[in-house]
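Participant: Contents are CSV, C-alpha atoms; file name work.csv:
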```csv
chain,number,residue,atom,x,y,z
A,7,MET,CA,126.0,74.4,105.4
A,8,TYR,CA,125.5,77.9,106.6
A,9,SER,CA,125.3,79.4,110.1
A,10,PHE,CA,122.1,80.8,111.7
A,11,THR,CA,123.4,84.3,111.1
A,12,GLU,CA,124.4,83.7,107.5
A,13,GLU,CA,121.0,82.2,106.6
A,14,ASN,CA,119.3,85.3,108.1
A,15,TYR,CA,121.4,87.6,105.9
A,16,ILE,CA,120.7,85.4,102.8
A,17,LYS,CA,117.0,85.5,103.4
A,18,THR,CA,117.0,89.3,104.1
A,19,ILE,CA,118.9,90.1,100.9
A,20,TYR,CA,116.4,87.9,99.0
A,21,LYS,CA,113.4,89.7,100.5
A,22,LEU,CA,114.8,93.2,99.9
A,23,SER,CA,115.6,92.2,96.3
A,24,ALA,CA,112.0,90.9,95.9
A,25,ALA,CA,110.7,94.2,97.2
A,26,GLY,CA,112.3,95.9,94.2
A,27,LEU,CA,115.9,96.7,95.2
A,28,THR,CA,118.1,95.4,92.4
A,29,GLU,CA,121.3,96.2,94.3
A,30,VAL,CA,120.6,95.9,98.1
A,31,ASN,CA,122.8,98.4,100.1
A,32,THR,CA,124.3,97.7,103.5
A,33,ASN,CA,122.2,100.3,105.3
A,34,ALA,CA,119.0,98.5,104.1
A,35,ILE,CA,120.3,95.2,105.5
A,36,ALA,CA,121.5,96.8,108.7
A,37,ASP,CA,118.1,98.4,109.3
A,38,THR,CA,116.2,95.2,108.6
A,39,LEU,CA,118.4,93.1,110.9
A,40,ALA,CA,118.9,95.9,113.5
A,41,THR,CA,122.7,95.7,113.3
A,42,LYS,CA,125.6,97.9,112.4
A,43,ALA,CA,126.6,98.7,108.8
A,44,ALA,CA,130.2,97.6,109.6
A,45,SER,CA,128.9,94.1,110.7
A,46,VAL,CA,126.9,93.8,107.5
A,47,THR,CA,130.0,94.6,105.4
A,48,ASP,CA,132.0,91.9,107.2
A,49,MET,CA,129.2,89.4,106.6
A,50,LEU,CA,128.9,90.3,102.9
A,51,ARG,CA,132.6,89.7,102.4
A,52,LYS,CA,132.2,86.2,103.9
A,53,LEU,CA,129.1,85.4,101.8
A,54,SER,CA,130.9,86.7,98.7
A,55,ALA,CA,133.8,84.3,99.4
A,56,LYS,CA,131.3,81.5,99.6
A,57,GLY,CA,129.8,82.3,96.3
A,58,ILE,CA,126.5,83.4,97.8
A,59,VAL,CA,126.4,87.0,96.8
A,60,HIS,CA,127.9,89.5,94.3
A,61,TYR,CA,129.2,92.3,96.4
A,62,VAL,CA,130.8,95.5,95.3
A,63,LYS,CA,131.8,98.0,98.1
A,64,TYR,CA,129.6,101.2,98.0
A,65,LYS,CA,127.4,99.8,95.2
A,66,GLY,CA,125.4,97.1,97.0
A,67,VAL,CA,124.9,93.4,96.9
A,68,SER,CA,122.8,90.8,95.0
A,69,LEU,CA,122.4,87.1,95.3
A,70,THR,CA,124.2,84.6,93.0
A,71,GLU,CA,122.2,81.7,91.6
A,72,GLN,CA,123.5,79.6,94.5
A,73,GLY,CA,122.5,82.3,96.9
A,74,GLU,CA,119.0,82.6,95.5
A,75,ARG,CA,118.5,78.8,95.7
A,76,THR,CA,119.6,78.9,99.3
A,77,ALA,CA,117.3,81.7,100.2
A,78,LEU,CA,114.3,79.9,98.6
A,79,GLN,CA,115.0,76.8,100.6
A,80,ILE,CA,115.2,78.8,103.9
A,81,ILE,CA,111.9,80.5,103.0
A,82,ARG,CA,110.4,77.1,102.1
A,83,LYS,CA,111.3,75.7,105.5
A,84,HIS,CA,109.9,78.7,107.3
A,85,ARG,CA,106.6,78.7,105.5
A,86,LEU,CA,106.2,74.9,105.9
A,87,TRP,CA,106.8,75.2,109.6
A,88,GLU,CA,104.2,78.0,109.8
A,89,VAL,CA,101.6,75.7,108.1
A,90,PHE,CA,102.5,72.9,110.6
A,91,LEU,CA,102.2,75.2,113.6
A,92,VAL,CA,98.8,76.5,112.5
A,93,GLU,CA,97.2,73.4,111.1
A,94,LYS,CA,98.6,70.7,113.4
A,95,LEU,CA,99.5,72.5,116.7
A,96,LYS,CA,96.7,75.1,116.5
A,97,PHE,CA,98.8,78.2,116.8
A,98,ASN,CA,97.1,81.4,115.7
A,99,TRP,CA,98.5,83.0,112.5
A,100,ASP,CA,99.9,85.9,114.6
A,101,GLU,CA,101.9,83.5,116.8
A,102,VAL,CA,103.9,81.5,114.3
A,103,HIS,CA,106.5,83.8,112.8
A,104,GLU,CA,109.1,83.8,115.6
A,105,VAL,CA,108.8,80.1,116.2
A,106,ALA,CA,109.3,79.4,112.5
A,107,GLU,CA,112.3,81.7,112.5
A,108,GLU,CA,113.9,79.2,114.8
A,109,LEU,CA,112.8,76.1,113.0
A,110,GLU,CA,113.8,77.3,109.6
A,111,HIS,CA,117.5,76.7,110.5
A,112,ILE,CA,117.1,73.0,110.9
A,113,SER,CA,119.3,71.6,108.1
A,114,SER,CA,117.8,68.2,107.5
A,115,ASP,CA,116.6,67.9,103.9
A,116,LEU,CA,114.8,64.6,104.8
A,117,LEU,CA,112.9,66.3,107.6
A,118,VAL,CA,111.7,69.1,105.3
A,119,LYS,CA,110.7,66.5,102.7
A,120,ARG,CA,108.7,64.5,105.2
A,121,LEU,CA,107.1,67.6,106.6
A,122,ASP,CA,106.0,68.7,103.2
A,123,GLU,CA,104.5,65.2,102.6
A,124,PHE,CA,102.9,65.1,106.0
A,125,LEU,CA,101.1,68.5,105.4
A,126,GLY,CA,99.8,67.4,102.0
A,127,TYR,CA,102.2,69.5,99.9
A,128,PRO,CA,100.7,73.0,100.7
A,129,LYS,CA,101.3,75.8,98.2
A,130,PHE,CA,100.7,78.7,100.6
A,131,ASP,CA,101.5,79.5,104.2
A,132,PRO,CA,98.9,80.8,106.8
A,133,HIS,CA,99.5,84.4,105.7
A,134,GLY,CA,98.9,83.6,102.0
A,135,ASP,CA,102.6,83.6,101.0
A,136,PRO,CA,103.6,81.0,98.4
A,137,ILE,CA,105.8,78.1,99.5
A,138,PRO,CA,108.7,77.4,97.2
A,139,SER,CA,108.8,73.9,95.9
A,140,GLU,CA,111.7,71.5,96.6
A,141,SER,CA,113.2,72.7,93.3
A,142,GLY,CA,112.7,76.4,94.1
A,143,GLU,CA,109.7,77.1,92.0
A,144,ILE,CA,107.0,79.6,93.4
A,145,ASN,CA,103.4,79.4,92.5
A,146,LEU,CA,102.4,83.1,92.6
A,147,LYS,CA,98.8,84.2,92.9
A,148,GLN,CA,97.2,86.9,90.8
A,149,GLN,CA,96.7,89.5,93.5
A,150,LYS,CA,96.2,93.2,94.1
A,151,LEU,CA,96.4,95.4,97.1
A,152,LEU,CA,93.0,96.4,98.6
A,153,SER,CA,94.3,100.0,98.4
A,154,GLU,CA,94.5,99.7,94.6
A,155,MET,CA,90.9,98.5,94.2
A,156,ASP,CA,88.2,100.8,92.8
A,157,VAL,CA,84.8,101.5,94.2
A,158,ASN,CA,82.5,98.5,93.6
A,159,ASP,CA,85.5,96.2,93.0
A,160,SER,CA,85.5,93.0,95.0
A,161,GLY,CA,87.8,90.1,95.7
A,162,ILE,CA,88.9,87.3,98.1
A,163,VAL,CA,91.6,87.9,100.7
A,164,VAL,CA,94.5,85.9,99.6
A,165,GLY,CA,97.4,87.3,101.6
A,166,VAL,CA,98.8,90.0,103.8
A,167,ASN,CA,101.8,92.3,103.2
A,168,ASP,CA,102.5,92.7,106.9
A,169,SER,CA,102.7,89.6,109.1
A,170,GLN,CA,103.5,91.4,112.3
A,171,PRO,CA,101.4,90.0,115.3
A,172,LEU,CA,99.7,93.4,116.0
A,173,PHE,CA,98.4,93.7,112.5
A,174,LEU,CA,97.2,90.1,112.3
A,175,GLN,CA,95.5,90.5,115.7
A,176,TYR,CA,93.8,93.7,114.3
A,177,LEU,CA,92.5,91.7,111.3
A,178,ASP,CA,91.2,89.0,113.6
A,179,LYS,CA,89.4,91.7,115.6
A,180,MET,CA,87.8,93.1,112.4
A,181,GLY,CA,86.9,89.6,111.3
A,182,ILE,CA,89.1,89.7,108.2
A,183,PHE,CA,90.7,86.4,107.3
A,184,LEU,CA,92.2,84.5,104.3
A,185,GLY,CA,89.3,83.6,102.1
A,186,ALA,CA,87.1,86.4,103.2
A,187,LYS,CA,85.2,88.3,100.5
A,188,ILE,CA,85.6,92.1,100.5
A,189,LYS,CA,83.8,94.7,98.3
A,190,VAL,CA,84.9,98.3,98.2
A,191,LEU,CA,81.9,100.5,98.9
A,192,ASP,CA,83.6,103.9,99.0
A,193,LYS,CA,86.9,105.7,99.1
A,194,ILE,CA,87.2,108.6,101.5
A,195,PRO,CA,89.4,111.4,100.0
A,196,PHE,CA,90.3,113.0,103.3
A,197,ASP,CA,92.6,110.2,104.5
A,198,ASN,CA,92.2,107.5,101.7
A,199,SER,CA,90.4,105.2,104.1
A,200,LEU,CA,88.0,102.7,102.6
A,201,GLU,CA,84.5,101.7,103.4
A,202,ILE,CA,84.1,98.0,102.7
A,203,ASN,CA,81.6,95.3,102.9
A,204,LEU,CA,82.9,92.1,104.5
A,205,GLU,CA,81.5,88.7,103.7
A,206,ASN,CA,78.2,90.4,102.6
A,207,LYS,CA,77.5,90.7,106.3
A,208,LYS,CA,78.9,93.9,107.7
A,209,GLN,CA,80.4,97.2,106.7
A,210,LEU,CA,83.7,98.5,108.0
A,211,VAL,CA,85.9,101.5,107.6
A,212,ILE,CA,89.6,100.7,107.4
A,213,SER,CA,92.6,103.0,107.2
A,214,SER,CA,94.7,103.4,104.1
A,215,GLU,CA,97.6,101.8,106.0
A,216,VAL,CA,95.5,98.7,106.6
A,217,SER,CA,94.3,98.6,103.0
A,218,ARG,CA,97.9,98.7,101.8
A,219,ASN,CA,98.6,95.5,103.6
A,220,ILE,CA,95.8,93.3,102.4
A,221,PHE,CA,96.0,91.4,99.1
A,222,LEU,CA,92.9,90.4,97.2
A,223,SER,CA,92.5,88.0,94.3
A,224,ALA,CA,92.9,90.1,91.2
```
Using the file provided, produce a representation of the structure as structure tokens.
Facilitator:
Amino acid sequence: MYSFTEENYIKTIYKLSAAGLTEVNTNAIADTLATKAASVTDMLRKLSAKGIVHYVKYKGVSLTEQGERTALQIIRKHRLWEVFLVEKLKFNWDEVHEVAEELEHISSDLLVKRLDEFLGYPKFDPHGDPIPSESGEINLKQQKLLSEMDVNDSGIVVGVNDSQPLFLQYLDKMGIFLGAKIKVLDKIPFDNSLEINLENKKQLVISSEVSRNIFLSA
């Protein structure tokens, strides 16, 4: 059993590691959680004592096997709750993250098991992120950032790299959604923006920042 704060640290370390940081430093954690480096150091000592992290002062931190299992279960709960909120309570995909942040800390394994069954064992959340299985396995999609696609390449939107509400609201306004078909018509050298065809219906110009946050089927 871990506290609300401990679980947030565990999940944050996992996500920073998944982003390519083998040894996650205290400053990266502090920036992500909007807290002080000294507070991070204190928490890392606690988590190390519980066998959740490998921590060496001034070198960084990584999750132990137990820590990784714990992180995946927290993420599993979060993403299942997001599915529930969107599919059953009709939340928009830009409204669910903060609510799921609260619900992910419910500790009942039976509740999570029943929730998974009730939802029909979903593999992905409303943003296209994979939902870890009960045993911690992840079914990763073959995907590629829109920014990495070449002219005349096409694919189906399978996820987003940014699940902040403002970005998701922007996608809604543009008519871009999970399952939408996109074809790259042109790359504009001046600012790396893209001209795309959406759903074989309309043409859009999107910024390089937007294209770096949309995943297409590879």
Participant: Which residues, protein or nucleic acid, reach to within 9 Å of (102.5, 74.7, 98.1) in the file's coordinates when using all atoms listed in the file, and can you give that as a PyMOL selection string?
Facilitator: chain A and resi 86+122+126-131+136-139+144-145
Participant: Using all atoms listed in the file, which protein or nucleic acid residues come within 12 Å of A:Ile112? Drop anything in the same chain fewer than 4 positions from it, and give the result as a VMD selection string.
Facilitator: chain A and resid 7 to 10 13 79 to 80 82 to 84 87 106 to 108 116 to 118
Participant: Show which residues sit within 7 Å of A:Asp100, as a PyMOL selection string. Count all atoms listed in the file, and ignore same-chain residues fewer than 5 positions away.
Facilitator: chain A and resi 170-171+174-175
Participant: So that I can check the surroundings of A:Val92, please list as a VMD selection string every protein, DNA and RNA residue that reaches within 8 Å of it, counting all atoms listed in the file and ignoring chain neighbours fewer than 5 positions away.
Facilitator: chain A and resid 97 to 99 102 132
Participant: Taking 5 positions as the minimum chain separation for residues in the same chain, which residues sit within 10 Å of A:Glu74 when counting all atoms listed in the file? Answer as an mmCIF file with C-alpha atoms, in the frame of the given file.
Facilitator:
```
data_model
loop_
_atom_site.group_PDB
_atom_site.id
_atom_site.type_symbol
_atom_site.label_atom_id
_atom_site.label_comp_id
_atom_site.auth_asym_id
_atom_site.auth_seq_id
_atom_site.Cartn_x
_atom_site.Cartn_y
_atom_site.Cartn_z
ATOM 1 C CA ILE A 16 120.700 85.400 102.800
ATOM 2 C CA LYS A 17 117.000 85.500 103.400
ATOM 3 C CA ILE A 19 118.900 90.100 100.900
ATOM 4 C CA TYR A 20 116.400 87.900 99.000
ATOM 5 C CA ILE A 58 126.500 83.400 97.800
ATOM 6 C CA VAL A 59 126.400 87.000 96.800
ATOM 7 C CA SER A 68 122.800 90.800 95.000
ATOM 8 C CA LEU A 69 122.400 87.100 95.300
ATOM 9 C CA GLN A 79 115.000 76.800 100.600
ATOM 10 C CA ILE A 80 115.200 78.800 103.900
ATOM 11 C CA GLY A 142 112.700 76.400 94.100
#
```
Participant: Please list as a PyMOL selection string every residue within 8 Å of A:Ser160, counting only C-alpha atoms and excluding residues in the same chain fewer than 3 positions away.
Facilitator: chain A and resi 155+187-190
Participant: My list of candidates is A:Gln148, A:Ser153, A:Asn219, A:Asn206. Which is closest to A:Leu177 when distances are computed with all atoms listed in the file?
Facilitator: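 Ranked by minimum distance to A:Leu177, first place goes to A:Asn219.
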Participant: Using all atoms listed in the file, which of the listed residues (A:Ala44, A:Ile212, A:Leu109, A:Ile81) sits closest to A:Thr18?
Facilitator: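 Closest residue, counting all atoms listed in the file: A:Ile81.
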Participant: Find the residue from A:Leu125, A:Tyr61, A:Gly165, A:Gln72 that sits nearest to A:Leu91; use all atoms listed in the file when measuring.
Facilitator: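 Using all atoms listed in the file, the shortest distance to A:Leu91 belongs to A:Leu125.
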Participant: For atom CA of A:Ile35 and atom CA of A:His103, determine how far apart the two atoms are, in Å to one decimal place.
Facilitator: 19.3 Å
Participant: At what distance in Å, to one decimal, does atom CA of A:Ala40 lie from atom CA of A:Gly57?
Facilitator: 24.5 Å
Participant: Counting all atoms listed in the file, figure out which residue out of A:Glu104, A:Asp168, A:Glu215, A:Glu110 gets nearest to A:Glu154.
Facilitator: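 With all atoms listed in the file as the atom set, the closest residue is A:Glu215.
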Participant: Taking into account only C-alpha atoms, which residue in the set A:Leu191, A:Val67, A:Leu53, A:Val211 is nearest to A:Thr32?
Facilitator: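 Closest residue, counting only C-alpha atoms: A:Val67.
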Participant: Which one is closest to A:Asp115: A:Asp135, A:Glu71, A:Glu140, A:Asp159? Count all atoms listed in the file.
Facilitator: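 Nearest candidate to A:Asp115 out of A:Asp135, A:Glu71, A:Glu140, A:Asp159: A:Glu140.
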